[in-house]
$ cat structure_3.cif   # mmCIF, C-alpha atoms
data_data
loop_
_atom_site.group_PDB
_atom_site.id
_atom_site.type_symbol
_atom_site.label_atom_id
_atom_site.label_comp_id
_atom_site.auth_asym_id
_atom_site.auth_seq_id
_atom_site.Cartn_x
_atom_site.Cartn_y
_atom_site.Cartn_z
ATOM 1 C CA MET R 1 -16.101 -6.455 10.282
ATOM 2 C CA THR R 2 -16.108 -2.752 9.441
ATOM 3 C CA ASP R 3 -18.846 -1.388 7.193
ATOM 4 C CA TYR R 4 -16.574 0.917 5.190
ATOM 5 C CA LEU R 5 -19.384 2.448 3.172
ATOM 6 C CA ALA R 6 -21.151 3.515 6.375
ATOM 7 C CA ALA R 7 -17.821 4.737 7.794
ATOM 8 C CA ALA R 8 -17.117 6.826 4.677
ATOM 9 C CA MET R 9 -20.618 8.300 4.732
ATOM 10 C CA ALA R 10 -20.207 9.145 8.426
ATOM 11 C CA MET R 11 -17.069 11.170 7.579
ATOM 12 C CA LEU R 12 -18.602 12.888 4.547
ATOM 13 C CA GLY R 13 -22.019 13.686 5.977
ATOM 14 C CA PRO R 14 -25.584 13.167 4.772
ATOM 15 C CA ALA R 15 -26.001 12.002 1.179
ATOM 16 C CA GLN R 16 -27.079 14.819 -1.111
ATOM 17 C CA ASN R 17 -27.930 12.712 -4.179
ATOM 18 C CA ARG R 18 -28.131 15.867 -6.342
ATOM 19 C CA TYR R 19 -27.683 13.930 -9.591
ATOM 20 C CA ALA R 20 -28.581 10.351 -8.590
ATOM 21 C CA ASP R 21 -29.939 8.654 -11.703
ATOM 22 C CA ALA R 22 -30.117 4.872 -12.084
ATOM 23 C CA GLY R 23 -30.592 5.282 -15.833
ATOM 24 C CA ALA R 24 -27.287 7.160 -16.144
ATOM 25 C CA TRP R 25 -25.495 4.271 -14.453
ATOM 26 C CA ASP R 26 -27.255 1.740 -16.698
ATOM 27 C CA ARG R 27 -26.161 3.674 -19.793
ATOM 28 C CA LEU R 28 -22.599 3.989 -18.502
ATOM 29 C CA HIS R 29 -22.350 0.277 -17.671
ATOM 30 C CA THR R 30 -23.687 -0.654 -21.112
ATOM 31 C CA GLU R 31 -21.170 1.661 -22.749
ATOM 32 C CA LEU R 32 -18.221 0.428 -20.663
ATOM 33 C CA GLY R 33 -19.165 -3.240 -20.728
ATOM 34 C CA ILE R 34 -18.475 -3.607 -16.988
ATOM 35 C CA GLN R 35 -20.347 -2.890 -13.754
ATOM 36 C CA LEU R 36 -18.748 -0.377 -11.430
ATOM 37 C CA PRO R 37 -18.890 -1.492 -7.776
ATOM 38 C CA PRO R 38 -21.999 -0.688 -5.709
ATOM 39 C CA ASP R 39 -20.102 1.112 -2.926
ATOM 40 C CA TYR R 40 -18.425 3.377 -5.493
ATOM 41 C CA ARG R 41 -21.759 4.121 -7.173
ATOM 42 C CA THR R 42 -23.353 4.961 -3.817
ATOM 43 C CA LEU R 43 -20.584 7.433 -2.923
ATOM 44 C CA VAL R 44 -20.631 9.039 -6.370
ATOM 45 C CA ASP R 45 -24.427 9.391 -6.310
ATOM 46 C CA ALA R 46 -24.325 10.806 -2.790
ATOM 47 C CA PHE R 47 -21.808 13.582 -3.449
ATOM 48 C CA ALA R 48 -20.335 13.898 -6.962
ATOM 49 C CA PRO R 49 -19.253 15.887 -8.826
ATOM 50 C CA ILE R 50 -17.072 16.878 -5.869
ATOM 51 C CA GLN R 51 -13.608 17.600 -4.545
ATOM 52 C CA ILE R 52 -12.921 15.835 -1.240
ATOM 53 C CA ASN R 53 -10.331 17.054 1.260
ATOM 54 C CA ARG R 54 -8.789 19.519 -1.211
ATOM 55 C CA HIS R 55 -7.372 16.831 -3.533
ATOM 56 C CA LEU R 56 -9.624 13.910 -4.488
ATOM 57 C CA TYR R 57 -12.055 14.334 -7.399
ATOM 58 C CA LEU R 58 -15.142 12.254 -8.151
ATOM 59 C CA ALA R 59 -17.153 12.745 -11.356
ATOM 60 C CA HIS R 60 -20.766 11.676 -11.990
ATOM 61 C CA PRO R 61 -22.343 9.848 -14.966
ATOM 62 C CA ALA R 62 -25.472 12.032 -15.093
ATOM 63 C CA THR R 63 -23.858 15.470 -15.417
ATOM 64 C CA GLU R 64 -22.695 17.317 -18.508
ATOM 65 C CA ARG R 65 -19.697 18.862 -16.779
ATOM 66 C CA TRP R 66 -17.449 16.540 -14.768
ATOM 67 C CA ASN R 67 -19.056 13.597 -16.551
ATOM 68 C CA LEU R 68 -17.760 10.242 -15.330
ATOM 69 C CA GLY R 69 -18.124 8.448 -18.662
ATOM 70 C CA ARG R 70 -16.216 11.143 -20.552
ATOM 71 C CA THR R 71 -13.550 11.289 -17.837
ATOM 72 C CA ILE R 72 -13.033 7.520 -17.935
ATOM 73 C CA ARG R 73 -12.867 7.437 -21.752
ATOM 74 C CA SER R 74 -10.416 10.342 -21.891
ATOM 75 C CA LYS R 75 -8.084 8.784 -19.334
ATOM 76 C CA ILE R 76 -8.321 5.363 -21.035
ATOM 77 C CA THR R 77 -7.221 6.975 -24.291
ATOM 78 C CA SER R 78 -4.272 8.729 -22.610
ATOM 79 C CA TRP R 79 -3.099 5.685 -20.683
ATOM 80 C CA SER R 80 -3.500 3.381 -23.701
ATOM 81 C CA GLU R 81 -1.087 5.558 -25.681
ATOM 82 C CA VAL R 82 1.790 4.909 -23.260
ATOM 83 C CA PRO R 83 4.338 2.595 -24.995
ATOM 84 C CA TRP R 84 4.827 0.321 -21.979
ATOM 85 C CA ASP R 85 7.072 -2.189 -23.766
ATOM 86 C CA ASP R 86 9.456 0.583 -24.860
ATOM 87 C CA LEU R 87 9.859 2.287 -21.478
ATOM 88 C CA ASP R 88 12.580 0.028 -19.985
ATOM 89 C CA LEU R 89 10.919 0.148 -16.576
ATOM 90 C CA ASP R 90 12.473 -1.140 -13.372
ATOM 91 C CA ALA R 91 10.564 -3.882 -11.555
ATOM 92 C CA GLU R 92 9.253 -1.298 -9.044
ATOM 93 C CA GLU R 93 7.890 0.874 -11.858
ATOM 94 C CA ASP R 94 6.256 -1.776 -14.050
ATOM 95 C CA PRO R 95 2.712 -2.549 -12.883
ATOM 96 C CA ARG R 96 2.739 -5.795 -14.865
ATOM 97 C CA ARG R 97 5.628 -7.162 -12.828
ATOM 98 C CA LEU R 98 4.511 -5.574 -9.567
ATOM 99 C CA PHE R 99 1.002 -7.007 -9.633
ATOM 100 C CA GLY R 100 1.349 -10.145 -11.773
ATOM 101 C CA LEU R 101 -0.627 -8.841 -14.737
ATOM 102 C CA ASP R 102 -0.367 -10.806 -17.975
ATOM 103 C CA GLU R 103 -0.831 -7.584 -19.896
ATOM 104 C CA LEU R 104 -1.465 -3.948 -19.159
ATOM 105 C CA SER R 105 -4.637 -2.741 -20.801
ATOM 106 C CA PHE R 106 -7.016 0.100 -20.072
ATOM 107 C CA GLY R 107 -10.761 -0.021 -20.557
ATOM 108 C CA THR R 108 -10.884 -3.727 -21.382
ATOM 109 C CA ARG R 109 -12.890 -6.512 -19.745
ATOM 110 C CA ASN R 110 -9.956 -7.465 -17.448
ATOM 111 C CA GLY R 111 -8.096 -4.170 -17.671
ATOM 112 C CA LEU R 112 -7.688 -1.041 -15.597
ATOM 113 C CA TRP R 113 -10.481 1.528 -15.314
ATOM 114 C CA PRO R 114 -9.662 5.049 -14.042
ATOM 115 C CA ILE R 115 -12.444 5.854 -11.563
ATOM 116 C CA ALA R 116 -11.017 8.778 -9.552
ATOM 117 C CA SER R 117 -8.063 11.127 -9.474
ATOM 118 C CA THR R 118 -6.378 13.811 -7.407
ATOM 119 C CA ASP R 119 -4.786 17.136 -8.180
ATOM 120 C CA ARG R 120 -1.536 15.622 -6.862
ATOM 121 C CA GLY R 121 -1.251 13.445 -9.978
ATOM 122 C CA GLU R 122 -2.731 10.257 -8.550
ATOM 123 C CA THR R 123 -5.049 8.093 -10.630
ATOM 124 C CA ILE R 124 -7.153 5.442 -8.892
ATOM 125 C CA PHE R 125 -7.841 2.442 -11.120
ATOM 126 C CA LEU R 126 -10.340 -0.343 -10.648
ATOM 127 C CA LEU R 127 -8.963 -3.663 -11.860
ATOM 128 C CA ALA R 128 -12.000 -5.146 -13.566
ATOM 129 C CA ALA R 129 -11.124 -8.773 -12.944
ATOM 130 C CA PRO R 130 -13.895 -11.064 -11.651
ATOM 131 C CA ASP R 131 -12.186 -11.862 -8.320
ATOM 132 C CA ALA R 132 -12.083 -9.785 -5.115
ATOM 133 C CA PRO R 133 -12.027 -5.967 -5.284
ATOM 134 C CA ARG R 134 -8.671 -4.627 -6.381
ATOM 135 C CA LEU R 135 -7.530 -1.035 -6.801
ATOM 136 C CA LEU R 136 -4.265 0.073 -8.376
ATOM 137 C CA ILE R 137 -3.067 3.609 -7.772
ATOM 138 C CA ASN R 138 -0.503 5.429 -9.890
ATOM 139 C CA CYS R 139 1.369 8.585 -8.985
ATOM 140 C CA ASP R 140 4.178 9.480 -11.395
ATOM 141 C CA GLU R 141 6.324 6.325 -11.543
ATOM 142 C CA THR R 142 4.983 4.859 -8.303
ATOM 143 C CA TRP R 143 2.273 2.191 -8.188
ATOM 144 C CA ALA R 144 0.371 0.837 -5.191
ATOM 145 C CA GLU R 145 -2.123 -2.013 -4.932
ATOM 146 C CA HIS R 146 -5.003 -2.339 -2.499
ATOM 147 C CA ARG R 147 -7.188 -5.439 -2.388
ATOM 148 C CA MET R 148 -10.211 -3.685 -0.986
ATOM 149 C CA CYS R 149 -13.376 -1.926 -2.041
ATOM 150 C CA PHE R 150 -13.374 1.767 -2.948
ATOM 151 C CA ALA R 151 -15.170 2.742 0.284
ATOM 152 C CA GLU R 152 -12.413 1.159 2.388
ATOM 153 C CA TRP R 153 -9.743 2.851 0.281
ATOM 154 C CA LEU R 154 -11.518 6.205 0.732
ATOM 155 C CA CYS R 155 -11.823 5.769 4.515
ATOM 156 C CA ARG R 156 -8.150 4.977 4.826
ATOM 157 C CA TYR R 157 -7.217 7.843 2.506
ATOM 158 C CA LEU R 158 -9.234 10.282 4.623
ATOM 159 C CA ILE R 159 -7.697 9.195 7.937
ATOM 160 C CA GLY R 160 -4.210 9.736 6.552
ATOM 161 C CA GLU R 161 -2.897 6.331 5.540
ATOM 162 C CA ASP R 162 -0.444 6.022 2.631
ATOM 163 C CA MET R 163 -2.969 4.936 0.011
ATOM 164 C CA SER R 164 -0.994 5.884 -3.112
ATOM 165 C CA GLY R 165 2.385 4.496 -2.150
ATOM 166 C CA PRO R 166 5.035 5.283 0.487
ATOM 167 C CA ASN R 167 4.788 8.739 2.074
ATOM 168 C CA SER R 168 1.659 9.597 0.076
ATOM 169 C CA ALA R 169 -0.669 10.512 2.936
ATOM 170 C CA ALA R 170 -2.756 13.675 2.559
ATOM 171 C CA PHE R 171 -4.169 13.946 6.074
ATOM 172 C CA TYR R 172 -6.045 17.003 7.289
ATOM 173 C CA PRO R 173 -7.215 16.948 10.907
ATOM 174 C CA GLY R 174 -10.752 17.906 11.736
ATOM 175 C CA PRO R 175 -13.804 17.396 9.541
ATOM 176 C CA VAL R 176 -13.431 16.392 5.907
ATOM 177 C CA GLN R 177 -13.648 19.395 3.590
ATOM 178 C CA LEU R 178 -15.977 19.070 0.598
ATOM 179 C CA ARG R 179 -16.553 21.340 -2.384
ATOM 180 C CA HIS R 180 -18.999 20.872 -5.240
ATOM 181 C CA LEU R 181 -17.327 21.154 -8.616
ATOM 182 C CA PRO R 182 -18.571 24.107 -10.693
ATOM 183 C CA MET R 183 -21.351 23.220 -13.094
ATOM 184 C CA SER R 184 -20.865 26.369 -15.190
ATOM 185 C CA ALA R 185 -17.904 28.565 -16.112
ATOM 186 C CA ASP R 186 -18.900 31.349 -13.717
ATOM 187 C CA GLU R 187 -19.903 29.217 -10.718
ATOM 188 C CA ARG R 188 -17.578 29.332 -7.677
ATOM 189 C CA PRO R 189 -18.868 26.789 -5.136
ATOM 190 C CA GLU R 190 -17.892 27.388 -1.522
ATOM 191 C CA PRO R 191 -16.372 24.508 0.462
ATOM 192 C CA TRP R 192 -18.087 23.116 3.542
ATOM 193 C CA ASP R 193 -17.105 20.733 6.303
ATOM 194 C CA GLY R 194 -18.409 17.266 6.954
ATOM 195 C CA PRO R 195 -19.302 16.073 10.464
ATOM 196 C CA ASP R 196 -16.835 16.239 13.335
ATOM 197 C CA ARG R 197 -14.561 13.193 13.225
ATOM 198 C CA GLY R 198 -12.800 13.669 16.555
ATOM 199 C CA MET R 199 -9.467 13.933 14.718
#
$ encode --input "structure_3.cif" --output "structure tokens"
Amino acid sequence: MTDYLAAAMAMLGPAQNRYADAGAWDRLHTELGIQLPPDYRTLVDAFAPIQINRHLYLAHPATERWNLGRTIRSKITSWSEVPWDDLDLDAEEDPRRLFGLDELSFGTRNGLWPIASTDRGETIFLLAAPDAPRLLINCDETWAEHRMCFAEWLCRYLIGEDMSGPNSAAFYPGPVQLRHLPMSADERPEPWDGPDRGM
């Protein structure tokens, strides 16, 4: 069985852990009322706040800018304001019907939690149900479901699989490109490449 966390780390390079802070995670989990998955926390601690392969953004709970808690709360507010019952969605557009959800809620014990996003309009949600890992991805009116941990989703995203729905791949050959997100208004971080992937 593949160790997807190790595989993701091998593509991204050595952990930097610039803002790793167990206390920040404890505070975030207390505030949210859920525990974010260990593989996700490891990847966020290792690299975030960061842009991965030109599109994917990860925030961190211990930073003032690009703060994960604030990002999650802001997106929960936005998504909770959508009048789902009034939208007259087709079966392929309604996540309740697509994924057998009794209700569509954001930031609730069994609801959807926005944990990452891209500059292509994709939002990656963790479904906080107590069963196996489950990620739901939205891009415009398209939804995709992946019953896997975040590290597996990230690995497959980076090797060019359609992880946000049909024809959604964002594959770049060669090493993964990484760029720290600016921590001040005048900072312009330079991108760098992860290890050679043989791709």
$ resolve_selection --input "structure_3.cif" --expression "the PyMOL selection byres ((chain R and resi 26-43) around 8)" --output "short mmCIF file (atom, residue, chain, number, x, y, z; two decimals) with C-alpha atoms, in the frame of the given file"
data_model
loop_
_atom_site.label_atom_id
_atom_site.label_comp_id
_atom_site.auth_asym_id
_atom_site.auth_seq_id
_atom_site.Cartn_x
_atom_site.Cartn_y
_atom_site.Cartn_z
CA LEU R 5 -19.38 2.45 3.17
CA MET R 9 -20.62 8.30 4.73
CA ALA R 22 -30.12 4.87 -12.08
CA GLY R 23 -30.59 5.28 -15.83
CA ALA R 24 -27.29 7.16 -16.14
CA TRP R 25 -25.50 4.27 -14.45
CA VAL R 44 -20.63 9.04 -6.37
CA ASP R 45 -24.43 9.39 -6.31
CA ALA R 46 -24.32 10.81 -2.79
CA PHE R 47 -21.81 13.58 -3.45
CA ALA R 48 -20.34 13.90 -6.96
CA PRO R 61 -22.34 9.85 -14.97
CA GLY R 69 -18.12 8.45 -18.66
CA GLY R 107 -10.76 -0.02 -20.56
CA ARG R 109 -12.89 -6.51 -19.74
CA ALA R 128 -12.00 -5.15 -13.57
CA CYS R 149 -13.38 -1.93 -2.04
CA PHE R 150 -13.37 1.77 -2.95
CA ALA R 151 -15.17 2.74 0.28
#
$ closest_residue --input "structure_3.cif" --among "R:Ala10, R:Ala15, R:Ala116, R:Ile50" --to "Pro191 in chain R" --atoms "only C-alpha atoms"
R:Ile50
$ closest_atom_pairs --input "structure_3.cif" --of "range 38-132 of chain R" --to "range 154-174 of chain R" --cutoff "12 Å" --atoms "only C-alpha atoms" --output "CSV"
residue,atom,partner,partner_atom,distance
R:Asp39,CA,R:Leu154,CA,10.6
R:Tyr40,CA,R:Leu154,CA,9.7
R:Leu43,CA,R:Leu154,CA,9.9
R:Val44,CA,R:Leu154,CA,11.9
R:Ile52,CA,R:Leu158,CA,8.9
R:Asn53,CA,R:Tyr172,CA,7.4
R:Arg54,CA,R:Ala170,CA,9.2
R:His55,CA,R:Ala170,CA,8.3
R:Leu56,CA,R:Leu154,CA,9.5
R:Tyr57,CA,R:Leu154,CA,11.5
R:Leu58,CA,R:Leu154,CA,11.3
R:Glu92,CA,R:Gly165,CA,11.3
R:Glu93,CA,R:Gly165,CA,11.7
R:Ala116,CA,R:Leu154,CA,10.6
R:Ser117,CA,R:Ser164,CA,10.9
R:Thr118,CA,R:Ser164,CA,10.5
R:Asp119,CA,R:Ala170,CA,11.5
R:Arg120,CA,R:Ala170,CA,9.7
R:Gly121,CA,R:Ser164,CA,10.2
R:Glu122,CA,R:Ser164,CA,7.2
R:Thr123,CA,R:Ser164,CA,8.8
R:Ile124,CA,R:Ser164,CA,8.5
R:Phe125,CA,R:Ser164,CA,11.1
$ residues_around --input "structure_3.cif" --residues "Pro175 in chain R" --least-positions-apart "3" --cutoff "6 Å" --atoms "only C-alpha atoms" --output "PyMOL selection string"
chain R and resi 193-197
$ resolve_selection --input "structure_3.cif" --expression "the PyMOL selection byres ((chain R and resi 111-113) around 8)" --output "CSV table (one decimal) with C-alpha atoms, in the coordinates of the input"
chain,number,residue,atom,x,y,z
R,72,ILE,CA,-13.0,7.5,-17.9
R,76,ILE,CA,-8.3,5.4,-21.0
R,104,LEU,CA,-1.5,-3.9,-19.2
R,105,SER,CA,-4.6,-2.7,-20.8
R,106,PHE,CA,-7.0,0.1,-20.1
R,107,GLY,CA,-10.8,0.0,-20.6
R,108,THR,CA,-10.9,-3.7,-21.4
R,109,ARG,CA,-12.9,-6.5,-19.7
R,110,ASN,CA,-10.0,-7.5,-17.4
R,114,PRO,CA,-9.7,5.0,-14.0
R,115,ILE,CA,-12.4,5.9,-11.6
R,125,PHE,CA,-7.8,2.4,-11.1
R,126,LEU,CA,-10.3,-0.3,-10.6
R,127,LEU,CA,-9.0,-3.7,-11.9
R,128,ALA,CA,-12.0,-5.1,-13.6
R,129,ALA,CA,-11.1,-8.8,-12.9
$ atom_distance --input "structure_3.cif" --atom1 "CA of Pro14 in chain R" --atom2 "CA of Thr63 in chain R"
20.4 Å
$ closest_residue --input "structure_3.cif" --among "R:His60, R:Leu178, R:Asp3, R:Cys139" --to "Asp21 in chain R" --atoms "only C-alpha atoms"
R:His60
$ resolve_selection --input "structure_3.cif" --expression "the PyMOL selection byres ((chain R and resi 141) around 10)" --output "list in words"
Leu89, Asp90, Glu92, Glu93, Asp94, Pro95, Asn138, Cys139, Asp140, Thr142 and Trp143 of chain R
$ closest_residue --input "structure_3.cif" --among "R:Ala20, R:Met148, R:Ala7, R:Met183" --to "Ala62 in chain R" --atoms "only C-alpha atoms"
R:Ala20
$ atom_distance --input "structure_3.cif" --atom1 "CA of Arg73 in chain R" --atom2 "CA of Pro182 in chain R"
20.8 Å
$ atom_distance --input "structure_3.cif" --atom1 "CA of Asp86 in chain R" --atom2 "CA of Arg147 in chain R"
28.6 Å
$ closest_residue --input "structure_3.cif" --among "R:Glu103, R:Arg70, R:Leu98, R:Glu64" --to "Asp85 in chain R" --atoms "all atoms listed in the file"
R:Glu103
